[in-house]
Amino acid sequence: MKIRITNRLAGLFSHYLSSKIVLAMDLLLSVSASFLVMVIGGLFHREEVFNPLFLSRYLPVSLLWSIAIFLALRTHKKVIRHTSANDVTYFALASLLKGEFAAGTLALLALLSPLPGLSPNFWLLGILDAVMTLVLLVATRVFMIVGYQALLENQNDKRGRQNVLVYGISEISVAHVKRLRNSRHYKVVGFISTSVSGAGLTLEGIPAFFVDSSESLMRAQEQSGASIILFPERSLVNMEQNRIVRVAFDLGLKIMVVPDSEQVREGDRTDEPQIREIKISDVLGRKEIRISMEKIRTFLEGKTVLVTGAAGSIGSELCRQLAKFKVGKLIFFDNAETPMHNLKLEFSDEHPEVKCVSVIGDVRSPGRLDYVFRKWQPEIVFHAAAYKHVPLMEENPCESVVVNLGGTRNVADKCLEYGVDKMVMISTDKAVNPSNVMGASKRLAEMYVQALGPAVESGARQGRTRFVTTRFGNVLGSNGSVIPRFAAQINKGGPVTVTHRDVNRYFMTIPEACRLVLEAVTMSEGNNIYAFDMGDPVKIDDLARHMIRLAGLKPDVDIKIVYTGLRPGEKLYEEVLSGEENTAPSSHKRIRVANVRKLEYDGTVRGLEEIMGMAQNSDMENMVRSMKKMIPEFLSCNSKFSAYDEK
């Protein structure tokens with residue numbers, strides 16, 4: 001019976017009280033405060049204050065002024081369980097105004113219609129009334145909040161909440177504890193302080209544990225019974241990855257984080273923040289990239305946009321982000337049937353307001369491209385279609401050139417023919433001092449686009465399209481990349497295969513890369529190659545170990561790591577994309593303008609046409625030799641094509 005009543009009470013208090021009920025309660029408390037003032041006054045001056053005639057005036061006047069002032073200040077609209085110090089000032093103001101206005105009204109009535117033998121101190125009466133009203137309003141709310149918290153704690157404990165240690169004793173850490181207090185899933189049992197000054201402190205009634213070693217973290221876990229460590233900011237996860245995060249994984253503690261978009265702000269009254277488990281991107285040491293959303297919206301709103309390679313990792317994310325900017329029409333172009341079908345279904349569910357067109361086609365086909373440009377007249381083109389896998393393209397070099405160079409040429413030519421405003425080519429860091437055919441083929445594509453811009457300006461080519469090229473490195477989680485491969489190997493129980501113990505790469509999340517692409521398209525007047533700041537390089541060996549720990553396992557114990565050797569065309573270290581020696585600054589601190597040699601149009605196009613002809617005829621040897629002549633910095637690594645390098 002007791003449990004049933006408790007459950008009913010919990011259900012009753014799970015909803016906010018109606019503002020009408022709150023107003024009625026406050027009015028009752030306010031009039032009760034006036035009555036108590038008369039009672040207290042009557043103990044000392046009974047005939048002066050506690051008099052039936054005075055009572056008949058005082059209580060109605062108190063009620064009328066309470067109604068007027070509470071409605072004017074909207075005190076009844078404030079949610080009781082979220083009462084703050086700021087709210088108390090409103091109640092104090094309302095109480096003061098009510099007390100003094102009521103006292104003033106009583107004084108005026110005493111002048112107009114005196115009561116025989118009654119002349120109290122009305123100013124003092126108003127002050128006492130205000131104090132008593134404030135005490136009752138605040139005390140009642142405190143009582144209700146304490147009762148609500150106790151009831152909720154009782155109910156939540158029965159649901160089996162997980163115990164949480166919150167990292168840090170900063171204001172933001174305390175703010176998250178307040179927000180988690182009513183959580184049905186988590187119970188904060190302690191703070192983690194990495195400073196000796198925090199040892200032994202109690203915040204919000206919760207103890208702080210000093211942690212400076214694996215032993216002290218183990219003690220904190222044992223004393224608190226915690227199963228989770230919550231980081232209030234993403235950046236803190238990376239800062240502590242070699243100390244608290246790694247030890248926590250060894251102890252079986254789960255690591256969770258509050259996403260950047262969920263940071264506590266003043267006035268944010270969400271009962272429970274959207275915390276999540278950490279992902280591999282949280283431990284790579286990258287700060288979230290911000291872009292000018294309004295500027296991009298202004299540029300794209302209402303325009304027809306074509307995305308080639310729309311069903312791929314980059315292309316599909318570009319489409320998702322473009323959907324946020326109210327484009328007039330979005331054209332998907334790809335030759336992959338099933339991924340295109342899945343993208344179309346996703347947009348029909350998630351973005352039904354966006355006008356989408358799905359076209360199955362290949363950038364190698366000028367006729368199919370002509371159909372798309374002729375029928376829908378795109379104003380902006382994002383060219384993301386490409387072959388990207390280095391070892392596979394070393395085995396199929398001619399196809400790499402046909403798609404990456406030939407496809408780019410076909411798209412760029414159609415942009416000029418149909419008067420497209422801007423074409424954005426998605427390139428790669430592997431085009432910088434290429435060491436493989438894939439990177440070299442992308443550099444050739446860059447060279448074609450790079451030569452077109454000045455040719456249009458000089459009149460050598462007819463058209464008005466401005467060309468923008470964007471370079472960035474590896475993207476986390478893209479199709480066929482190292483992240484999903486490691487994940488699949490971990491799920492199978494290992495081993496995880498790493499090419500070399502020291503190999504490193506630059507990484508960026510897919511949304512970050514796409515945001516910077518959109519930023520670049522609004523920045524450029526055309527004919528620039530933009531290199532993205534990829535942050536610091538990440539050792540692939542470290543990446544594999546992080547992923548194993550995120551899976552709750554121990555590297556080299558639960559999951560073995562095997563080193564297989566560099567694959568054809570792979571470098572041990574990637575080139576720095578955005579160093580000061582090879583780039584110039586732009587208006588965005590994470591985007592720099594690449595310094596590349598100027599190209600003469602006629603000679604460049606002739607050379608590219610010759611290479612394309614060889615590729616289409618599968619003349620692999622002569623094609624690769626010609627590529628190396630056209631790109632002197634193209635030196636093959638760990639590849640059979642090293643024999644063609646000029647010594």
# chains A, B, ... in the order shown; residues from 1 in each chain; ligands from 1

$ closest_atom_pairs --of "region 511-571 of chain A" --to "region 315-336 of chain A" --cutoff "10 Å" --atoms "only C-alpha atoms" --output "CSV"
residue,atom,partner,partner_atom,distance
A:Pro511,CA,A:Glu317,CA,6.5
A:Glu512,CA,A:Glu317,CA,9.9
A:Ala513,CA,A:Leu318,CA,9.1
A:Cys514,CA,A:Leu318,CA,5.6
A:Arg515,CA,A:Gln321,CA,7.7
A:Val517,CA,A:Leu318,CA,8.5
A:Leu518,CA,A:Leu318,CA,8.3

$ select_by_dssp --residues "region 392-630 of chain A" --states "helix (DSSP H, G or I)" --output "ChimeraX atom specification"
/A:392-395,397-417,429-431,437-458,482-491,510-523,540-550,601-616,620-630

$ residues_around --residues "Val37 (chain A)" --least-positions-apart "5" --cutoff "9 Å" --atoms "only C-alpha atoms" --output "list in words"
Ser32, Gly42, Leu125, Leu128, Asp129 and Met132 of chain A

$ atom_distance --atom1 "CA of His546 (chain A)" --atom2 "CA of Leu165 (chain A)"
21.3 Å

$ atom_distance --atom1 "CA of His76 (chain A)" --atom2 "CA of Val22 (chain A)"
5.4 Å

$ residues_around --residues "Ser313 (chain A)" --least-positions-apart "4" --cutoff "12 Å" --atoms "only C-alpha atoms" --output "list of chain:residue names"
A:Thr308, A:Gly309, A:Glu317, A:Leu318, A:Cys319, A:Arg320, A:Asp334, A:Pro339, A:Met340, A:Leu343, A:Ala384, A:Ala385, A:Ala386, A:Lys388, A:Asn474, A:Val475, A:Leu476, A:Gly477, A:Ser478, A:Asn479, A:Gly480, A:Ser481, A:Thr509, A:Ile510, A:Pro511, A:Ala513, A:Cys514

$ write_last_selection --atoms "N, CA and C atoms" --output "compact mmCIF listing (two decimals), in the first residue's frame"
# COMPACT_ATOMS: atom_id res chain seq x y z
N THR A 308 28.01 15.54 -56.79
CA THR A 308 28.44 14.27 -57.38
C THR A 308 29.05 13.40 -56.29
N GLY A 309 28.93 12.09 -56.45
CA GLY A 309 29.37 11.20 -55.37
C GLY A 309 28.52 11.38 -54.14
N GLU A 317 27.22 13.36 -46.36
CA GLU A 317 27.24 14.32 -45.26
C GLU A 317 27.09 15.74 -45.79
N LEU A 318 27.69 16.03 -46.93
CA LEU A 318 27.47 17.34 -47.55
C LEU A 318 25.98 17.57 -47.81
N CYS A 319 25.32 16.55 -48.32
CA CYS A 319 23.88 16.66 -48.59
C CYS A 319 23.10 16.93 -47.31
N ARG A 320 23.46 16.23 -46.23
CA ARG A 320 22.76 16.44 -44.95
C ARG A 320 22.94 17.87 -44.46
N ASP A 334 25.16 9.84 -58.37
CA ASP A 334 26.09 8.77 -57.98
C ASP A 334 25.78 7.53 -58.80
N PRO A 339 23.47 2.48 -52.04
CA PRO A 339 23.69 3.65 -51.19
C PRO A 339 22.83 4.84 -51.59
N MET A 340 22.60 5.02 -52.89
CA MET A 340 21.74 6.11 -53.35
C MET A 340 20.30 5.90 -52.88
N LEU A 343 20.14 6.77 -49.24
CA LEU A 343 20.17 8.22 -49.03
C LEU A 343 18.81 8.84 -49.33
N ALA A 384 32.34 15.53 -55.42
CA ALA A 384 32.94 14.62 -54.43
C ALA A 384 33.17 13.23 -54.98
N ALA A 385 32.74 12.98 -56.22
CA ALA A 385 32.91 11.65 -56.80
C ALA A 385 34.39 11.39 -57.10
N ALA A 386 34.90 10.27 -56.61
CA ALA A 386 36.31 9.94 -56.83
C ALA A 386 36.60 8.52 -56.37
N LYS A 388 39.35 6.57 -54.11
CA LYS A 388 40.15 7.12 -53.02
C LYS A 388 41.08 6.12 -52.34
N ASN A 474 42.48 12.35 -43.93
CA ASN A 474 41.59 11.23 -43.67
C ASN A 474 40.40 11.67 -42.83
N VAL A 475 39.25 11.10 -43.14
CA VAL A 475 38.05 11.41 -42.37
C VAL A 475 37.65 10.19 -41.55
N LEU A 476 37.34 10.45 -40.29
CA LEU A 476 37.00 9.36 -39.37
C LEU A 476 35.69 8.69 -39.77
N GLY A 477 35.74 7.37 -39.93
CA GLY A 477 34.52 6.62 -40.17
C GLY A 477 34.04 6.60 -41.60
N SER A 478 34.82 7.11 -42.55
CA SER A 478 34.38 7.07 -43.94
C SER A 478 34.41 5.63 -44.44
N ASN A 479 33.66 5.38 -45.50
CA ASN A 479 33.53 4.02 -46.02
C ASN A 479 34.90 3.44 -46.37
N GLY A 480 35.19 2.26 -45.82
CA GLY A 480 36.44 1.58 -46.13
C GLY A 480 37.65 2.12 -45.41
N SER A 481 37.46 3.06 -44.48
CA SER A 481 38.61 3.65 -43.78
C SER A 481 39.01 2.77 -42.59
N THR A 509 36.78 14.67 -38.53
CA THR A 509 35.48 14.01 -38.63
C THR A 509 34.80 14.42 -39.93
N ILE A 510 33.91 13.58 -40.41
CA ILE A 510 33.20 13.88 -41.66
C ILE A 510 32.42 15.18 -41.56
N PRO A 511 31.64 15.41 -40.48
CA PRO A 511 30.92 16.69 -40.39
C PRO A 511 31.85 17.90 -40.39
N ALA A 513 34.83 18.18 -41.82
CA ALA A 513 35.34 18.38 -43.17
C ALA A 513 34.29 19.05 -44.05
N CYS A 514 33.06 18.60 -43.94
CA CYS A 514 31.98 19.17 -44.77
C CYS A 514 31.67 20.60 -44.37

$ residues_around --residues "Gly565 (chain A)" --least-positions-apart "5" --cutoff "9 Å" --atoms "only C-alpha atoms" --output "PyMOL selection string"
chain A and resi 498-501

$ closest_residue --among "A:Arg549, A:Arg597, A:Arg505, A:Lys178" --to "Leu572 (chain A)" --atoms "only C-alpha atoms"
A:Arg505

$ closest_atom_pairs --of "region 579-643 of chain A" --to "region 424-438 of chain A" --cutoff "6 Å" --atoms "only C-alpha atoms" --output "CSV"
residue,atom,partner,partner_atom,distance
A:Glu633,CA,A:Asn433,CA,5.2
A:Phe634,CA,A:Pro434,CA,4.9
A:Leu635,CA,A:Ser435,CA,5.1
A:Ser636,CA,A:Ser435,CA,4.3
A:Cys637,CA,A:Ser435,CA,5.3

$ write_last_selection --atoms "all heavy atoms" --output "compact mmCIF listing (two decimals), in the first residue's frame"
# COMPACT_ATOMS: atom_id res chain seq x y z
N GLU A 633 57.15 16.28 -58.27
CA GLU A 633 57.24 15.87 -56.86
C GLU A 633 56.60 14.50 -56.60
O GLU A 633 56.61 14.01 -55.46
CB GLU A 633 56.59 16.92 -55.96
CG GLU A 633 55.09 17.14 -56.16
CD GLU A 633 54.74 18.16 -57.22
OE1 GLU A 633 55.58 18.40 -58.13
OE2 GLU A 633 53.61 18.71 -57.16
N PHE A 634 56.03 13.87 -57.63
CA PHE A 634 55.40 12.55 -57.50
C PHE A 634 56.50 11.48 -57.45
O PHE A 634 57.04 11.08 -58.47
CB PHE A 634 54.44 12.33 -58.67
CG PHE A 634 53.85 10.94 -58.75
CD1 PHE A 634 53.78 10.08 -57.64
CD2 PHE A 634 53.32 10.47 -59.96
CE1 PHE A 634 53.23 8.81 -57.73
CE2 PHE A 634 52.76 9.20 -60.06
CZ PHE A 634 52.73 8.37 -58.95
N LEU A 635 56.81 11.03 -56.23
CA LEU A 635 57.80 9.97 -56.01
C LEU A 635 57.10 8.81 -55.30
O LEU A 635 56.62 8.96 -54.18
CB LEU A 635 58.96 10.49 -55.16
CG LEU A 635 59.75 11.68 -55.75
CD1 LEU A 635 60.77 12.18 -54.75
CD2 LEU A 635 60.42 11.29 -57.07
N SER A 636 57.04 7.67 -55.95
CA SER A 636 56.29 6.53 -55.42
C SER A 636 56.95 5.96 -54.17
O SER A 636 58.18 5.91 -54.06
CB SER A 636 56.17 5.44 -56.48
OG SER A 636 55.44 5.91 -57.59
N CYS A 637 56.12 5.54 -53.23
CA CYS A 637 56.60 4.90 -51.99
C CYS A 637 56.13 3.45 -51.95
O CYS A 637 54.94 3.18 -52.16
CB CYS A 637 56.05 5.64 -50.77
SG CYS A 637 56.87 7.19 -50.41

$ residues_around --residues "Val31 (chain A)" --least-positions-apart "3" --cutoff "9 Å" --atoms "only C-alpha atoms" --output "PyMOL selection string"
chain A and resi 26-28+34-36+59-60+62-63+66+133

$ closest_residue --among "A:Leu516, A:Ala102, A:Ile206, A:Val257" --to "Thr470 (chain A)" --atoms "only C-alpha atoms"
A:Leu516

$ closest_residue --among "A:Gly205, A:Pro352, A:Gly104, A:Pro632" --to "Arg443 (chain A)" --atoms "only C-alpha atoms"
A:Pro632

$ atom_distance --atom1 "CA of Gln450 (chain A)" --atom2 "CA of Val363 (chain A)"
18.9 Å

$ closest_residue --among "A:Arg461, A:Met630, A:Gly494, A:Asn617" --to "Val557 (chain A)" --atoms "only C-alpha atoms"
A:Gly494

$ select_by_dssp --residues "region 163-208 of chain A" --states "strand (DSSP E)" --output "list in words"
Asn163, Val164, Leu165, Val166, Tyr167, Tyr186, Lys187, Val188, Val189, Gly190, Phe191, Ile192, Ser193, Thr202, Leu203, Ile206, Pro207 and Ala208 of chain A

$ write_last_selection --atoms "C-alpha atoms" --output "PDB file, in the first residue's frame"
ATOM      1  CA  ASN A 163      26.695   5.834  -9.876  1.00  0.00           C
ATOM      2  CA  VAL A 164      28.703   8.645 -11.479  1.00  0.00           C
ATOM      3  CA  LEU A 165      31.934  10.442 -10.602  1.00  0.00           C
ATOM      4  CA  VAL A 166      32.055  13.908 -12.193  1.00  0.00           C
ATOM      5  CA  TYR A 167      35.464  15.127 -13.335  1.00  0.00           C
ATOM      6  CA  TYR A 186      22.442   8.472 -13.163  1.00  0.00           C
ATOM      7  CA  LYS A 187      23.304   9.314  -9.560  1.00  0.00           C
ATOM      8  CA  VAL A 188      26.294  11.549  -8.853  1.00  0.00           C
ATOM      9  CA  VAL A 189      28.263  10.075  -5.950  1.00  0.00           C
ATOM     10  CA  GLY A 190      31.415  12.180  -6.088  1.00  0.00           C
ATOM     11  CA  PHE A 191      33.677  14.674  -7.790  1.00  0.00           C
ATOM     12  CA  ILE A 192      37.177  13.954  -9.079  1.00  0.00           C
ATOM     13  CA  SER A 193      39.697  16.623  -8.151  1.00  0.00           C
ATOM     14  CA  THR A 202      31.972  18.744  -0.259  1.00  0.00           C
ATOM     15  CA  LEU A 203      30.003  20.407  -3.064  1.00  0.00           C
ATOM     16  CA  ILE A 206      28.668  15.416  -2.540  1.00  0.00           C
ATOM     17  CA  PRO A 207      32.290  14.569  -1.607  1.00  0.00           C
ATOM     18  CA  ALA A 208      35.300  15.315  -3.786  1.00  0.00           C
TER      19      ALA A 208
END

$ residues_around --residues "region 487-490 of chain A" --least-positions-apart "5" --cutoff "7 Å" --atoms "only C-alpha atoms" --output "list in words"
Pro495, Val496 and Ile548 of chain A

$ write_last_selection --atoms "N, CA and C atoms" --output "PDB file, in the first residue's frame"
ATOM      1  N   PRO A 495      42.860 -10.490 -34.522  1.00  0.00           N
ATOM      2  CA  PRO A 495      43.738  -9.373 -34.159  1.00  0.00           C
ATOM      3  C   PRO A 495      43.398  -8.106 -34.939  1.00  0.00           C
ATOM      4  N   VAL A 496      43.870  -6.968 -34.423  1.00  0.00           N
ATOM      5  CA  VAL A 496      43.768  -5.701 -35.137  1.00  0.00           C
ATOM      6  C   VAL A 496      45.067  -5.518 -35.913  1.00  0.00           C
ATOM      7  N   ILE A 548      40.283  -0.214 -28.947  1.00  0.00           N
ATOM      8  CA  ILE A 548      40.170  -1.445 -28.142  1.00  0.00           C
ATOM      9  C   ILE A 548      39.708  -1.096 -26.725  1.00  0.00           C
TER      10      ILE A 548
END

$ closest_residue --among "A:Asn504, A:Val88, A:Asp250, A:Arg567" --to "Ala139 (chain A)" --atoms "only C-alpha atoms"
A:Val88

$ closest_residue --among "A:Leu109, A:Met293, A:Val177, A:Val503" --to "Thr564 (chain A)" --atoms "only C-alpha atoms"
A:Val503
